[in-house]
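For reference, model25.pdb is printed below; it contains PDB, C-alpha atoms, pLDDT in the B column.
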```
ATOM      1  CA  MET A   1     168.383 118.872  73.651  1.00 66.00           C
ATOM      2  CA  ASP A   2     170.468 121.114  71.358  1.00 82.00           C
ATOM      3  CA  ALA A   3     167.723 120.954  68.733  1.00 88.00           C
ATOM      4  CA  LEU A   4     165.120 122.100  71.260  1.00 84.00           C
ATOM      5  CA  PHE A   5     167.345 124.947  72.433  1.00 82.00           C
ATOM      6  CA  SER A   6     167.975 125.988  68.826  1.00 86.00           C
ATOM      7  CA  LEU A   7     164.228 125.976  68.183  1.00 88.00           C
ATOM      8  CA  ILE A   8     163.615 128.182  71.229  1.00 84.00           C
ATOM      9  CA  GLN A   9     166.429 130.552  70.186  1.00 84.00           C
ATOM     10  CA  GLY A  10     164.875 130.864  66.726  1.00 87.00           C
ATOM     11  CA  MET A  11     161.488 131.642  68.231  1.00 87.00           C
ATOM     12  CA  VAL A  12     163.036 134.292  70.495  1.00 82.00           C
ATOM     13  CA  GLN A  13     164.822 135.871  67.515  1.00 83.00           C
ATOM     14  CA  ALA A  14     161.515 135.972  65.610  1.00 89.00           C
ATOM     15  CA  LYS A  15     159.742 137.424  68.680  1.00 84.00           C
ATOM     16  CA  ARG A  16     157.473 134.363  68.758  1.00 88.00           C
ATOM     17  CA  TYR A  17     158.374 133.151  72.243  1.00 80.00           C
ATOM     18  CA  ARG A  18     156.535 134.046  75.424  1.00 79.00           C
ATOM     19  CA  VAL A  19     158.004 133.718  78.888  1.00 79.00           C
ATOM     20  CA  GLY A  20     155.853 131.419  81.033  1.00 83.00           C
ATOM     21  CA  LEU A  21     154.548 132.149  84.517  1.00 87.00           C
ATOM     22  CA  HIS A  22     156.992 129.740  86.147  1.00 87.00           C
ATOM     23  CA  ALA A  23     159.928 131.579  84.604  1.00 84.00           C
ATOM     24  CA  VAL A  24     158.441 134.929  85.614  1.00 85.00           C
ATOM     25  CA  ARG A  25     158.279 133.765  89.231  1.00 89.00           C
ATOM     26  CA  HIS A  26     161.975 132.901  89.147  1.00 88.00           C
ATOM     27  CA  MET A  27     162.827 136.184  87.406  1.00 88.00           C
ATOM     28  CA  ILE A  28     161.196 138.104  90.241  1.00 89.00           C
ATOM     29  CA  GLU A  29     162.857 135.965  92.914  1.00 93.00           C
ATOM     30  CA  GLU A  30     166.299 136.341  91.322  1.00 93.00           C
ATOM     31  CA  GLY A  31     165.949 140.037  90.490  1.00 93.00           C
ATOM     32  CA  PHE A  32     166.185 140.077  86.714  1.00 90.00           C
ATOM     33  CA  ASP A  33     163.743 141.055  83.984  1.00 87.00           C
ATOM     34  CA  GLU A  34     162.326 139.551  80.811  1.00 82.00           C
ATOM     35  CA  SER A  35     164.746 141.393  78.536  1.00 85.00           C
ATOM     36  CA  GLN A  36     167.699 139.870  80.417  1.00 88.00           C
ATOM     37  CA  LEU A  37     166.155 136.400  80.116  1.00 82.00           C
ATOM     38  CA  LEU A  38     165.644 136.835  76.375  1.00 79.00           C
ATOM     39  CA  GLU A  39     169.184 138.191  75.941  1.00 84.00           C
ATOM     40  CA  ALA A  40     170.492 135.043  77.638  1.00 82.00           C
ATOM     41  CA  LEU A  41     168.427 132.855  75.307  1.00 77.00           C
ATOM     42  CA  ARG A  42     169.756 134.776  72.303  1.00 77.00           C
ATOM     43  CA  GLY A  43     173.300 134.221  73.552  1.00 78.00           C
ATOM     44  CA  LYS A  44     174.041 137.919  73.968  1.00 65.00           C
ATOM     45  CA  SER A  45     176.095 139.156  76.868  1.00 57.00           C
ATOM     46  CA  ASP A  46     174.775 142.060  78.860  1.00 48.00           C
ATOM     47  CA  GLU A  47     177.312 144.459  80.320  1.00 52.00           C
ATOM     48  CA  ARG A  48     174.796 146.100  82.691  1.00 50.00           C
ATOM     49  CA  SER A  49     176.116 145.803  86.244  1.00 44.00           C
TER      50      SER A  49
END
```
As a first step, turn the structure in this file into structure tokens.
Amino acid sequence: MDALFSLIQGMVQAKRYRVGLHAVRHMIEEGFDESQLLEALRGKSDERS
């Protein structure tokens, strides 16, 4: 599982990862946007409150 997550993180860093429709549905339901999702995948904290 760690290898898969590392692969996804690398793709996000290289801007070669696209957020799927299922994730978009949850983003809308939970009130966050794609940039916040990608920041979480990169492991960055976001101080926006």
Grab the atom CA of Gly20 of chain A to atom CA of Leu4 of chain A distance for me, in Å with one decimal place. 16.4 Å
Starting from the displayed file, determine the output of the PyMOL selection byres ((chain A and resi 18) around 12) and express the residue list as a ChimeraX atom specification. /A:8-9,11-17,19-24,34-35,37-38,41
Atom CA of Asp2 of chain A to atom CA of Gln36 of chain A, distance in Å rounded to a single decimal: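 Separation between atom CA of Asp2 of chain A and atom CA of Gln36 of chain A: 21.0 Å.
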Enclose all atoms of segment 17-31 of chain A listed in the file in an axis-aligned box, grow every side by 5 Å, and hand back centre and edge lengths in Å to one decimal, as lines of an AutoDock Vina configuration file.
```
center_x = 160.4
center_y = 134.9
center_z = 82.6
size_x = 21.8
size_y = 20.3
size_z = 30.7
```
